[in-house]
file my_file_38.pdb (PDB, C-alpha atoms and all ligand atoms)
ATOM      1  CA  MET A1265     110.583 120.621  90.408
ATOM      2  CA  MET A1266     113.696 118.690  89.302
ATOM      3  CA  GLN A1267     115.804 121.671  90.318
ATOM      4  CA  GLN A1268     114.226 121.750  93.797
ATOM      5  CA  LEU A1269     114.703 118.007  94.197
ATOM      6  CA  GLN A1270     118.355 118.326  93.204
ATOM      7  CA  GLU A1271     118.887 121.286  95.528
ATOM      8  CA  THR A1272     117.458 119.357  98.497
ATOM      9  CA  THR A1273     119.455 116.238  97.622
ATOM     10  CA  ASN A1274     122.671 118.268  97.393
ATOM     11  CA  TYR A1275     121.936 119.929 100.742
ATOM     12  CA  ILE A1276     121.463 116.574 102.502
ATOM     13  CA  GLN A1277     124.487 115.030 100.806
ATOM     14  CA  GLN A1278     126.688 117.952 101.846
ATOM     15  CA  LEU A1279     125.418 117.896 105.417
ATOM     16  CA  THR A1280     126.025 114.150 105.722
ATOM     17  CA  SER A1281     129.370 114.060 103.879
ATOM     18  CA  GLY A1282     127.880 112.057 101.037
ATOM     19  CA  PHE A1283     126.134 109.374 103.147
ATOM     20  CA  ALA A1284     124.468 107.198 100.488
ATOM     21  CA  PRO A1285     121.453 105.279 101.846
ATOM     22  CA  GLU A1286     120.490 101.990 100.152
ATOM     23  CA  PHE A1287     116.999 101.851 101.610
ATOM     24  CA  GLY A1288     114.283 104.357 102.492
ATOM     25  CA  ILE A1289     111.860 103.884 105.373
ATOM     26  CA  ILE A1290     108.727 105.940 106.131
ATOM     27  CA  LEU A1291     107.338 105.511 109.644
ATOM     28  CA  GLY A1292     103.627 106.021 110.274
ATOM     29  CA  THR A1293     101.603 107.453 113.154
ATOM     30  CA  GLY A1294     102.752 106.001 116.481
ATOM     31  CA  LEU A1295     105.369 103.853 114.739
ATOM     32  CA  GLY A1296     108.529 105.888 115.200
ATOM     33  CA  ALA A1297     110.385 103.532 117.559
ATOM     34  CA  LEU A1298     112.250 101.745 114.765
ATOM     35  CA  VAL A1299     114.605 104.671 115.167
ATOM     36  CA  ASN A1300     115.777 103.117 118.480
ATOM     37  CA  ASP A1301     117.196 100.209 116.451
ATOM     38  CA  LEU A1302     119.231 102.575 114.289
ATOM     39  CA  GLU A1303     122.836 103.494 114.597
ATOM     40  CA  VAL A1304     122.078 107.140 113.917
ATOM     41  CA  GLN A1305     124.657 109.045 111.885
ATOM     42  CA  HIS A1306     122.654 112.179 111.157
ATOM     43  CA  ALA A1307     119.254 113.463 112.302
ATOM     44  CA  ILE A1308     117.953 116.457 110.392
ATOM     45  CA  SER A1309     114.786 118.265 111.399
ATOM     46  CA  TYR A1310     112.437 118.712 108.401
ATOM     47  CA  ALA A1311     112.330 122.436 109.169
ATOM     48  CA  GLU A1312     116.055 122.684 108.323
ATOM     49  CA  ILE A1313     115.792 121.025 104.920
ATOM     50  CA  PRO A1314     115.284 123.366 101.954
ATOM     51  CA  ASN A1315     112.029 122.723 100.022
ATOM     52  CA  PHE A1316     110.756 120.195 102.604
ATOM     53  CA  PRO A1317     107.235 120.753 103.924
ATOM     54  CA  VAL A1318     107.006 120.882 107.733
ATOM     55  CA  SER A1319     104.818 118.272 109.418
ATOM     56  CA  THR A1320     101.921 119.658 111.439
ATOM     57  CA  VAL A1321     100.775 116.457 113.176
ATOM     58  CA  GLU A1322     101.788 116.476 116.833
ATOM     59  CA  SER A1323     102.367 112.731 117.051
ATOM     60  CA  HIS A1324     105.027 113.001 114.333
ATOM     61  CA  SER A1325     108.387 114.366 115.324
ATOM     62  CA  GLY A1326     109.381 115.334 111.790
ATOM     63  CA  LYS A1327     112.984 114.249 111.283
ATOM     64  CA  LEU A1328     114.998 112.731 108.498
ATOM     65  CA  ILE A1329     117.377 110.238 110.048
ATOM     66  CA  LEU A1330     120.335 108.685 108.261
ATOM     67  CA  GLY A1331     122.203 105.766 109.724
ATOM     68  CA  HIS A1332     122.605 101.998 109.818
ATOM     69  CA  LEU A1333     119.870  99.444 110.425
ATOM     70  CA  ALA A1334     120.957  95.804 110.598
ATOM     71  CA  GLY A1335     124.289  96.926 109.164
ATOM     72  CA  ARG A1336     122.706  98.559 106.076
ATOM     73  CA  ARG A1337     122.624 102.237 105.189
ATOM     74  CA  VAL A1338     119.114 103.667 105.521
ATOM     75  CA  VAL A1339     117.308 106.984 105.422
ATOM     76  CA  VAL A1340     114.271 107.118 107.694
ATOM     77  CA  MET A1341     111.396 109.576 107.686
ATOM     78  CA  GLN A1342     110.230 109.840 111.275
ATOM     79  CA  GLY A1343     106.865 111.376 110.474
ATOM     80  CA  ARG A1344     105.382 111.903 107.024
ATOM     81  CA  PHE A1345     103.343 114.518 105.196
ATOM     82  CA  HIS A1346      99.620 113.950 104.711
ATOM     83  CA  TYR A1347      97.344 115.407 102.087
ATOM     84  CA  TYR A1348      94.856 116.370 104.843
ATOM     85  CA  GLU A1349      97.438 118.732 106.335
ATOM     86  CA  GLY A1350      96.958 120.911 103.284
ATOM     87  CA  TYR A1351     100.051 119.906 101.322
ATOM     88  CA  SER A1352      99.876 119.297  97.616
ATOM     89  CA  MET A1353     100.449 115.736  96.416
ATOM     90  CA  GLU A1354     103.807 116.909  95.045
ATOM     91  CA  GLN A1355     104.793 118.080  98.540
ATOM     92  CA  VAL A1356     103.582 114.826 100.115
ATOM     93  CA  VAL A1357     105.891 112.764  97.887
ATOM     94  CA  PHE A1358     108.797 115.231  97.714
ATOM     95  CA  PRO A1359     110.923 113.291 100.267
ATOM     96  CA  VAL A1360     110.431 110.001  98.394
ATOM     97  CA  ARG A1361     111.742 111.596  95.222
ATOM     98  CA  VAL A1362     114.717 113.002  97.142
ATOM     99  CA  MET A1363     115.387 109.482  98.461
ATOM    100  CA  LYS A1364     115.572 108.221  94.891
ATOM    101  CA  LEU A1365     118.041 110.965  93.924
ATOM    102  CA  MET A1366     120.133 110.024  96.982
ATOM    103  CA  GLY A1367     120.445 106.508  95.564
ATOM    104  CA  VAL A1368     117.780 104.635  97.556
ATOM    105  CA  LYS A1369     116.989 101.257  95.947
ATOM    106  CA  LYS A1370     113.920 100.100  97.918
ATOM    107  CA  LEU A1371     111.199 101.760  99.946
ATOM    108  CA  PHE A1372     109.647 100.459 103.181
ATOM    109  CA  VAL A1373     106.457 102.116 104.432
ATOM    110  CA  SER A1374     104.359 101.737 107.579
ATOM    111  CA  ASN A1375     101.036 103.233 108.598
ATOM    112  CA  ALA A1376      98.249 103.054 111.138
ATOM    113  CA  ALA A1377      94.990 101.839 109.580
ATOM    114  CA  GLY A1378      91.413 100.955 110.429
ATOM    115  CA  GLY A1379      90.446  97.293 110.037
ATOM    116  CA  LEU A1380      87.651  96.497 107.568
ATOM    117  CA  ASN A1381      88.208  92.762 107.206
ATOM    118  CA  PRO A1382      86.117  91.098 109.970
ATOM    119  CA  SER A1383      88.813  88.455 110.576
ATOM    120  CA  PHE A1384      91.266  91.159 111.702
ATOM    121  CA  ASN A1385      91.894  92.390 115.247
ATOM    122  CA  THR A1386      93.281  95.566 116.776
ATOM    123  CA  SER A1387      97.120  95.593 116.778
ATOM    124  CA  ASP A1388      97.337  93.058 113.914
ATOM    125  CA  LEU A1389      99.935  93.662 111.228
ATOM    126  CA  MET A1390      98.666  93.631 107.645
ATOM    127  CA  VAL A1391     101.209  93.377 104.861
ATOM    128  CA  ILE A1392      99.818  95.407 101.965
ATOM    129  CA  THR A1393      99.488  93.383  98.762
ATOM    130  CA  ASP A1394      97.533  95.970  96.732
ATOM    131  CA  HIS A1395      95.832  99.308  97.155
ATOM    132  CA  ILE A1396      92.865 101.422  96.079
ATOM    133  CA  ASN A1397      93.455 105.154  95.758
ATOM    134  CA  LEU A1398      90.432 107.138  96.953
ATOM    135  CA  GLN A1399      92.392 110.295  97.667
ATOM    136  CA  PRO A1400      91.093 113.070  95.411
ATOM    137  CA  SER A1401      94.353 113.359  93.490
ATOM    138  CA  ASN A1402      97.715 111.684  92.990
ATOM    139  CA  PRO A1403     101.314 112.899  92.698
ATOM    140  CA  LEU A1404     101.662 112.176  88.976
ATOM    141  CA  ILE A1405      99.016 114.665  87.837
ATOM    142  CA  GLY A1406     100.529 117.422  85.723
ATOM    143  CA  LYS A1407     103.546 117.523  83.449
ATOM    144  CA  ASN A1408     105.393 114.214  83.677
ATOM    145  CA  LEU A1409     108.879 114.368  85.207
ATOM    146  CA  ASP A1410     110.488 112.269  82.457
ATOM    147  CA  GLU A1411     113.773 112.175  84.404
ATOM    148  CA  LEU A1412     111.980 110.216  87.141
ATOM    149  CA  GLY A1413     109.708 107.847  85.254
ATOM    150  CA  PRO A1414     107.190 107.268  82.469
ATOM    151  CA  ARG A1415     103.959 109.180  81.801
ATOM    152  CA  PHE A1416     101.787 106.090  82.307
ATOM    153  CA  PRO A1417     103.491 103.915  84.923
ATOM    154  CA  ASP A1418     102.276 100.350  85.292
ATOM    155  CA  MET A1419     100.478  99.528  88.560
ATOM    156  CA  SER A1420      99.843  95.822  88.005
ATOM    157  CA  ASP A1421     102.392  94.721  90.621
ATOM    158  CA  VAL A1422     102.875  97.612  93.020
ATOM    159  CA  TYR A1423     103.938  95.734  96.162
ATOM    160  CA  ASP A1424     107.061  93.617  95.727
ATOM    161  CA  GLU A1425     105.956  89.964  95.862
ATOM    162  CA  HIS A1426     109.325  88.699  96.959
ATOM    163  CA  MET A1427     109.362  91.046  99.966
ATOM    164  CA  VAL A1428     105.758  90.093 100.846
ATOM    165  CA  ARG A1429     106.752  86.416 100.965
ATOM    166  CA  GLU A1430     109.935  87.209 102.876
ATOM    167  CA  ALA A1431     107.878  89.156 105.456
ATOM    168  CA  MET A1432     105.674  86.087 105.982
ATOM    169  CA  VAL A1433     108.750  83.931 106.613
ATOM    170  CA  ILE A1434     110.163  86.507 109.034
ATOM    171  CA  ALA A1435     106.883  86.564 110.992
ATOM    172  CA  GLU A1436     106.666  82.784 111.076
ATOM    173  CA  ASP A1437     110.267  82.478 112.294
ATOM    174  CA  ALA A1438     109.586  85.092 114.991
ATOM    175  CA  GLY A1439     106.333  83.336 115.987
ATOM    176  CA  PHE A1440     103.677  85.947 115.238
ATOM    177  CA  ASP A1441     100.718  86.132 112.852
ATOM    178  CA  VAL A1442     100.520  88.548 109.943
ATOM    179  CA  ARG A1443      97.577  89.365 107.699
ATOM    180  CA  GLU A1444      97.748  90.279 104.038
ATOM    181  CA  GLY A1445      95.361  92.603 102.308
ATOM    182  CA  VAL A1446      94.272  95.598 100.295
ATOM    183  CA  TYR A1447      94.768  99.107 101.704
ATOM    184  CA  VAL A1448      92.427 101.893 100.659
ATOM    185  CA  SER A1449      93.608 105.474 101.088
ATOM    186  CA  VAL A1450      91.075 108.170 101.882
ATOM    187  CA  PRO A1451      91.763 111.905 102.223
ATOM    188  CA  GLY A1452      90.710 112.335 105.859
ATOM    189  CA  PRO A1453      91.171 113.952 108.300
ATOM    190  CA  MET A1454      87.780 112.848 109.593
ATOM    191  CA  LEU A1455      87.294 109.160 110.115
ATOM    192  CA  GLU A1456      84.619 107.384 108.118
ATOM    193  CA  THR A1457      80.898 106.983 108.692
ATOM    194  CA  PRO A1458      79.435 103.474 109.124
ATOM    195  CA  ALA A1459      78.064 103.680 105.574
ATOM    196  CA  GLU A1460      81.509 104.621 104.259
ATOM    197  CA  TYR A1461      83.165 101.710 106.089
ATOM    198  CA  LYS A1462      80.620  99.379 104.535
ATOM    199  CA  TYR A1463      81.319 100.857 101.100
ATOM    200  CA  LEU A1464      85.113 100.527 101.515
ATOM    201  CA  SER A1465      84.684  96.915 102.517
ATOM    202  CA  VAL A1466      82.357  96.178  99.583
ATOM    203  CA  ILE A1467      84.809  97.610  97.046
ATOM    204  CA  GLY A1468      87.482  95.213  98.271
ATOM    205  CA  ALA A1469      89.531  96.916 100.968
ATOM    206  CA  ASP A1470      90.800  95.148 104.101
ATOM    207  CA  ALA A1471      92.167  98.267 105.812
ATOM    208  CA  VAL A1472      91.673 102.026 105.478
ATOM    209  CA  GLY A1473      94.033 104.906 106.160
ATOM    210  CA  MET A1474      94.991 108.422 105.136
ATOM    211  CA  SER A1475      98.521 107.955 103.817
ATOM    212  CA  THR A1476     100.946 105.649 101.991
ATOM    213  CA  VAL A1477      99.359 105.478  98.526
ATOM    214  CA  PRO A1478     100.767 108.822  97.258
ATOM    215  CA  GLU A1479     104.304 107.892  98.354
ATOM    216  CA  VAL A1480     103.951 104.403  96.898
ATOM    217  CA  ILE A1481     102.720 105.775  93.552
ATOM    218  CA  ALA A1482     105.704 108.143  93.401
ATOM    219  CA  ALA A1483     108.110 105.315  94.259
ATOM    220  CA  ARG A1484     106.649 102.989  91.619
ATOM    221  CA  HIS A1485     106.754 105.801  89.049
ATOM    222  CA  MET A1486     110.522 105.821  89.664
ATOM    223  CA  GLY A1487     110.742 102.025  89.467
ATOM    224  CA  MET A1488     111.517 101.522  93.175
ATOM    225  CA  PRO A1489     110.417  98.218  94.725
ATOM    226  CA  VAL A1490     108.049  98.862  97.645
ATOM    227  CA  PHE A1491     107.129  97.025 100.834
ATOM    228  CA  ALA A1492     104.317  98.413 102.987
ATOM    229  CA  VAL A1493     102.683  97.288 106.211
ATOM    230  CA  SER A1494      99.641  98.545 108.120
ATOM    231  CA  VAL A1495      99.156  98.312 111.838
ATOM    232  CA  ILE A1496      95.450  97.833 112.498
ATOM    233  CA  THR A1497      94.747 100.394 115.217
ATOM    234  CA  ASP A1498      90.936 100.136 115.376
ATOM    235  CA  MET A1499      88.261  97.861 113.982
ATOM    236  CA  CYS A1500      85.692  99.458 111.674
ATOM    237  CA  THR A1501      83.240  96.614 111.102
ATOM    238  CA  PRO A1502      79.618  97.362 112.094
ATOM    239  CA  ASP A1503      79.701  95.219 115.265
ATOM    240  CA  ARG A1504      83.033  96.586 116.497
ATOM    241  CA  LEU A1505      82.932 100.235 115.441
ATOM    242  CA  LYS A1506      83.661 102.613 118.328
ATOM    243  CA  LYS A1507      84.363 106.309 118.592
ATOM    244  CA  VAL A1508      88.036 106.666 117.787
ATOM    245  CA  VAL A1509      90.401 108.888 119.748
ATOM    246  CA  LEU A1510      94.015 109.446 118.770
ATOM    247  CA  ALA A1511      95.238 108.117 122.139
ATOM    248  CA  ASP A1512      93.604 104.715 121.415
ATOM    249  CA  ILE A1513      95.199 104.610 117.959
ATOM    250  CA  LEU A1514      98.611 105.380 119.449
ATOM    251  CA  GLU A1515      98.140 102.719 122.138
ATOM    252  CA  ALA A1516      97.217 100.039 119.580
ATOM    253  CA  ALA A1517     100.140 101.099 117.399
ATOM    254  CA  ALA A1518     102.524 100.855 120.363
ATOM    255  CA  ILE A1519     101.442  97.248 121.002
ATOM    256  CA  ALA A1520     102.172  96.252 117.395
ATOM    257  CA  GLU A1521     105.269  98.374 117.001
ATOM    258  CA  PRO A1522     107.900  95.801 118.133
ATOM    259  CA  ARG A1523     106.567  93.282 115.559
ATOM    260  CA  MET A1524     106.493  95.873 112.801
ATOM    261  CA  THR A1525     109.993  97.055 113.684
ATOM    262  CA  LEU A1526     111.336  93.504 113.657
ATOM    263  CA  MET A1527     109.727  92.833 110.281
ATOM    264  CA  ILE A1528     111.221  95.895 108.607
ATOM    265  CA  ARG A1529     114.628  95.425 110.253
ATOM    266  CA  GLU A1530     114.824  91.803 109.085
ATOM    267  CA  LEU A1531     113.639  92.672 105.584
ATOM    268  CA  VAL A1532     116.369  95.304 105.375
ATOM    269  CA  ARG A1533     118.937  92.816 106.655
ATOM    270  CA  ARG A1534     117.937  90.287 103.972
ATOM    271  CA  SER A1535     117.622  92.801 101.106
TER
HETATM  272  N1  LIG A1601      90.093 105.341 109.118
HETATM  273  C1  LIG A1601      89.627 104.608 110.129
HETATM  274  N2  LIG A1601      90.380 104.173 111.114
HETATM  275  C2  LIG A1601      91.673 104.471 111.088
HETATM  276  C3  LIG A1601      92.205 105.226 110.077
HETATM  277  C4  LIG A1601      91.371 105.693 109.023
HETATM  278  O1  LIG A1601      91.798 106.390 108.086
HETATM  279  N3  LIG A1601      93.538 105.343 110.338
HETATM  280  C5  LIG A1601      93.766 104.680 111.486
HETATM  281  N4  LIG A1601      92.649 104.154 111.947
END
call {"tool": "encode", "arguments": {"input": "my_file_38.pdb", "output": "structure tokens"}}
result
Amino acid sequence: MMQQLQETTNYIQQLTSGFAPEFGIILGTGLGALVNDLEVQHAISYAEIPNFPVSTVESHSGKLILGHLAGRRVVVMQGRFHYYEGYSMEQVVFPVRVMKLMGVKKLFVSNAAGGLNPSFNTSDLMVITDHINLQPSNPLIGKNLDELGPRFPDMSDVYDEHMVREAMVIAEDAGFDVREGVYVSVPGPMLETPAEYKYLSVIGADAVGMSTVPEVIAARHMGMPVFAVSVITDMCTPDRLKKVVLADILEAAAIAEPRMTLMIRELVRRS
């Protein structure tokens, strides 16, 4: 595994003449437009990158983009890998580990999520303050990669408190509301039943989605500070539960996207 990670890192570094990103950004479903704010230096299709899985979700364009955001060097995943696509957890987090080897110091993650907290509304932003992992595995199972991090990494403060507070200030200055809450990750790809939504709410989750937690676990294993934000694309409380279609999720994501983009851009600027 370390050899594969090194091989991929070397490939990207050679292709980009040693471009050394300071920050990593993973863009979720329907949230790829942050790329329009980038001064793009290099855009590499996942299919070209040795050892990278290839994304199978149509709404993800599957590119690694290196460039400047708010004057800072960033590497952006436009499209991510999900466990439900059939990848192993190690494949899902492979790009995050490559980011670390490239020198990335902080990770920013976005996702589309269902709202469980009844005070939320569609197209709200929820800054993630904690998570519950209900995916059937995690990327640290197996022999520990001692070069990357410890066998038993601490998870008592996963989401960087300073960045959470900074995000609140950014939203207030820009004049929009932001929620905070707990994100629960489920395997998918089917959405949840009403009984499952009730259960997820009872165990303490404010939003539910099918991503983010594996990448965040891998990042924290390597000691990387993490900021993550959900866009609430549909409400899953009993009174507001509707049949979900991908087009509706993408539409709700598009409405929230400018706020999410501003938040991440300003956090990067201030980092
Ligand atoms: N569950 C319910 N609604 C959602 C999800 C999910 O995983 N992702 C986006 N909306």
call {"tool": "residues_around", "arguments": {"input": "my_file_38.pdb", "residues": "Ala1518 of chain A", "least_positions_apart": "6", "cutoff": "10 Å", "atoms": "only C-alpha atoms", "output": "list in words"}}
result
Thr1293, Gly1294, Leu1295, Gly1296, Ala1297, Ser1387, Val1495, Thr1497, Asp1512 and Met1524 of chain A
call {"tool": "closest_atom_pairs", "arguments": {"input": "my_file_38.pdb", "of": "chain A", "to": "ligand LIG 1601 (chain A)", "cutoff": "6 Å", "atoms": "only C-alpha atoms and all ligand atoms", "output": "Markdown table"}}
result
| residue | atom | partner | partner_atom | distance |
| --- | --- | --- | --- | --- |
| A:Ala1376 | CA | A:LIG1601 | C5 | 4.8 |
| A:Ala1377 | CA | A:LIG1601 | C5 | 3.6 |
| A:Gly1378 | CA | A:LIG1601 | N2 | 3.4 |
| A:Leu1455 | CA | A:LIG1601 | N1 | 4.8 |
| A:Glu1456 | CA | A:LIG1601 | N1 | 5.9 |
| A:Val1472 | CA | A:LIG1601 | O1 | 5.1 |
| A:Gly1473 | CA | A:LIG1601 | O1 | 3.3 |
| A:Met1474 | CA | A:LIG1601 | O1 | 4.8 |
| A:Thr1497 | CA | A:LIG1601 | N4 | 5.4 |
| A:Asp1498 | CA | A:LIG1601 | N4 | 5.6 |
call {"tool": "residues_around", "arguments": {"input": "my_file_38.pdb", "residues": "Pro1489 of chain A", "least_positions_apart": "3", "cutoff": "7 Å", "atoms": "only C-alpha atoms", "output": "list in words"}}
result
Lys1370, Leu1371, Asp1424 and Arg1484 of chain A
call {"tool": "resolve_selection", "arguments": {"input": "my_file_38.pdb", "expression": "the PyMOL selection byres (((chain A and resi 1410-1415) around 12) and not hetatm)", "output": "PyMOL selection string"}}
result
chain A and resi 1265-1267+1269-1270+1360-1365+1403-1409+1416-1419+1481-1488
call {"tool": "write_last_selection", "arguments": {"input": "my_file_38.pdb", "atoms": "C-alpha atoms", "output": "mmCIF file, keeping the file's coordinate frame"}}
result
data_model
loop_
_atom_site.group_PDB
_atom_site.id
_atom_site.type_symbol
_atom_site.label_atom_id
_atom_site.label_comp_id
_atom_site.auth_asym_id
_atom_site.auth_seq_id
_atom_site.Cartn_x
_atom_site.Cartn_y
_atom_site.Cartn_z
ATOM 1 C CA MET A 1265 110.583 120.621 90.408
ATOM 2 C CA MET A 1266 113.696 118.690 89.302
ATOM 3 C CA GLN A 1267 115.804 121.671 90.318
ATOM 4 C CA LEU A 1269 114.703 118.007 94.197
ATOM 5 C CA GLN A 1270 118.355 118.326 93.204
ATOM 6 C CA VAL A 1360 110.431 110.001 98.394
ATOM 7 C CA ARG A 1361 111.742 111.596 95.222
ATOM 8 C CA VAL A 1362 114.717 113.002 97.142
ATOM 9 C CA MET A 1363 115.387 109.482 98.461
ATOM 10 C CA LYS A 1364 115.572 108.221 94.891
ATOM 11 C CA LEU A 1365 118.041 110.965 93.924
ATOM 12 C CA PRO A 1403 101.314 112.899 92.698
ATOM 13 C CA LEU A 1404 101.662 112.176 88.976
ATOM 14 C CA ILE A 1405 99.016 114.665 87.837
ATOM 15 C CA GLY A 1406 100.529 117.422 85.723
ATOM 16 C CA LYS A 1407 103.546 117.523 83.449
ATOM 17 C CA ASN A 1408 105.393 114.214 83.677
ATOM 18 C CA LEU A 1409 108.879 114.368 85.207
ATOM 19 C CA PHE A 1416 101.787 106.090 82.307
ATOM 20 C CA PRO A 1417 103.491 103.915 84.923
ATOM 21 C CA ASP A 1418 102.276 100.350 85.292
ATOM 22 C CA MET A 1419 100.478 99.528 88.560
ATOM 23 C CA ILE A 1481 102.720 105.775 93.552
ATOM 24 C CA ALA A 1482 105.704 108.143 93.401
ATOM 25 C CA ALA A 1483 108.110 105.315 94.259
ATOM 26 C CA ARG A 1484 106.649 102.989 91.619
ATOM 27 C CA HIS A 1485 106.754 105.801 89.049
ATOM 28 C CA MET A 1486 110.522 105.821 89.664
ATOM 29 C CA GLY A 1487 110.742 102.025 89.467
ATOM 30 C CA MET A 1488 111.517 101.522 93.175
#
call {"tool": "residues_around", "arguments": {"input": "my_file_38.pdb", "residues": "His1395 of chain A", "least_positions_apart": "6", "cutoff": "7 Å", "atoms": "all atoms listed in the file", "output": "list of chain:residue names"}}
result
A:Val1446, A:Tyr1447, A:Val1448
call {"tool": "residues_around", "arguments": {"input": "my_file_38.pdb", "residues": "Val1304 of chain A", "least_positions_apart": "3", "cutoff": "12 Å", "atoms": "all atoms listed in the file", "output": "list of chain:residue names"}}
result
A:Thr1280, A:Phe1283, A:Leu1298, A:Val1299, A:Asn1300, A:Asp1301, A:Ala1307, A:Ile1308, A:Lys1327, A:Leu1328, A:Ile1329, A:Leu1330, A:Gly1331, A:His1332, A:Leu1333, A:Ala1334, A:Gly1335, A:Arg1336, A:Arg1337, A:Val1338, A:Val1339, A:Val1340
call {"tool": "atom_distance", "arguments": {"input": "my_file_38.pdb", "atom1": "atom CA of Pro1400 of chain A", "atom2": "atom CA of Thr1386 of chain A"}}
result
27.7 Å
call {"tool": "closest_residue", "arguments": {"input": "my_file_38.pdb", "among": "A:Met1527, A:Val1480, A:Val1368, A:Met1427", "to": "Glu1286 of chain A", "atoms": "only C-alpha atoms"}}
result
A:Val1368
call {"tool": "atom_distance", "arguments": {"input": "my_file_38.pdb", "atom1": "atom CA of Glu1530 of chain A", "atom2": "atom CA of Met1499 of chain A"}}
result
27.7 Å
call {"tool": "residues_around", "arguments": {"input": "my_file_38.pdb", "residues": "Gln1355 of chain A", "least_positions_apart": "3", "cutoff": "12 Å", "atoms": "only C-alpha atoms", "output": "number ranges by chain"}}
result
A: 1265, 1268-1269, 1315-1319, 1344-1352, 1358-1362, 1402-1404, 1478-1479, 1482
call {"tool": "resolve_selection", "arguments": {"input": "my_file_38.pdb", "expression": "the PyMOL selection byres (((chain A and resi 1434) around 12) and not hetatm)", "output": "VMD selection string"}}
result
chain A and resid 1427 to 1433 1435 to 1442 1523 to 1534
call {"tool": "closest_residue", "arguments": {"input": "my_file_38.pdb", "among": "A:Met1454, A:Leu1291, A:Val1422, A:Leu1302", "to": "Lys1507 of chain A", "atoms": "all atoms listed in the file"}}
result
A:Met1454
call {"tool": "atom_distance", "arguments": {"input": "my_file_38.pdb", "atom1": "atom CA of Asp1503 of chain A", "atom2": "atom CA of Glu1515 of chain A"}}
result
21.1 Å
call {"tool": "resolve_selection", "arguments": {"input": "my_file_38.pdb", "expression": "the PyMOL selection byres (((chain A and resi 1470) around 12) and not hetatm)", "output": "PyMOL selection string"}}
result
chain A and resi 1377-1385+1388-1396+1443-1449+1461-1469+1471-1473+1494-1496+1499-1501
call {"tool": "axis_aligned_box", "arguments": {"input": "my_file_38.pdb", "around": "segment 1423-1435 of chain A", "padding_each_side": "5 Å", "output": "lines of an AutoDock Vina configuration file"}}
result
center_x = 107.1
center_y = 89.8
center_z = 103.4
size_x = 16.2
size_y = 21.8
size_z = 25.3
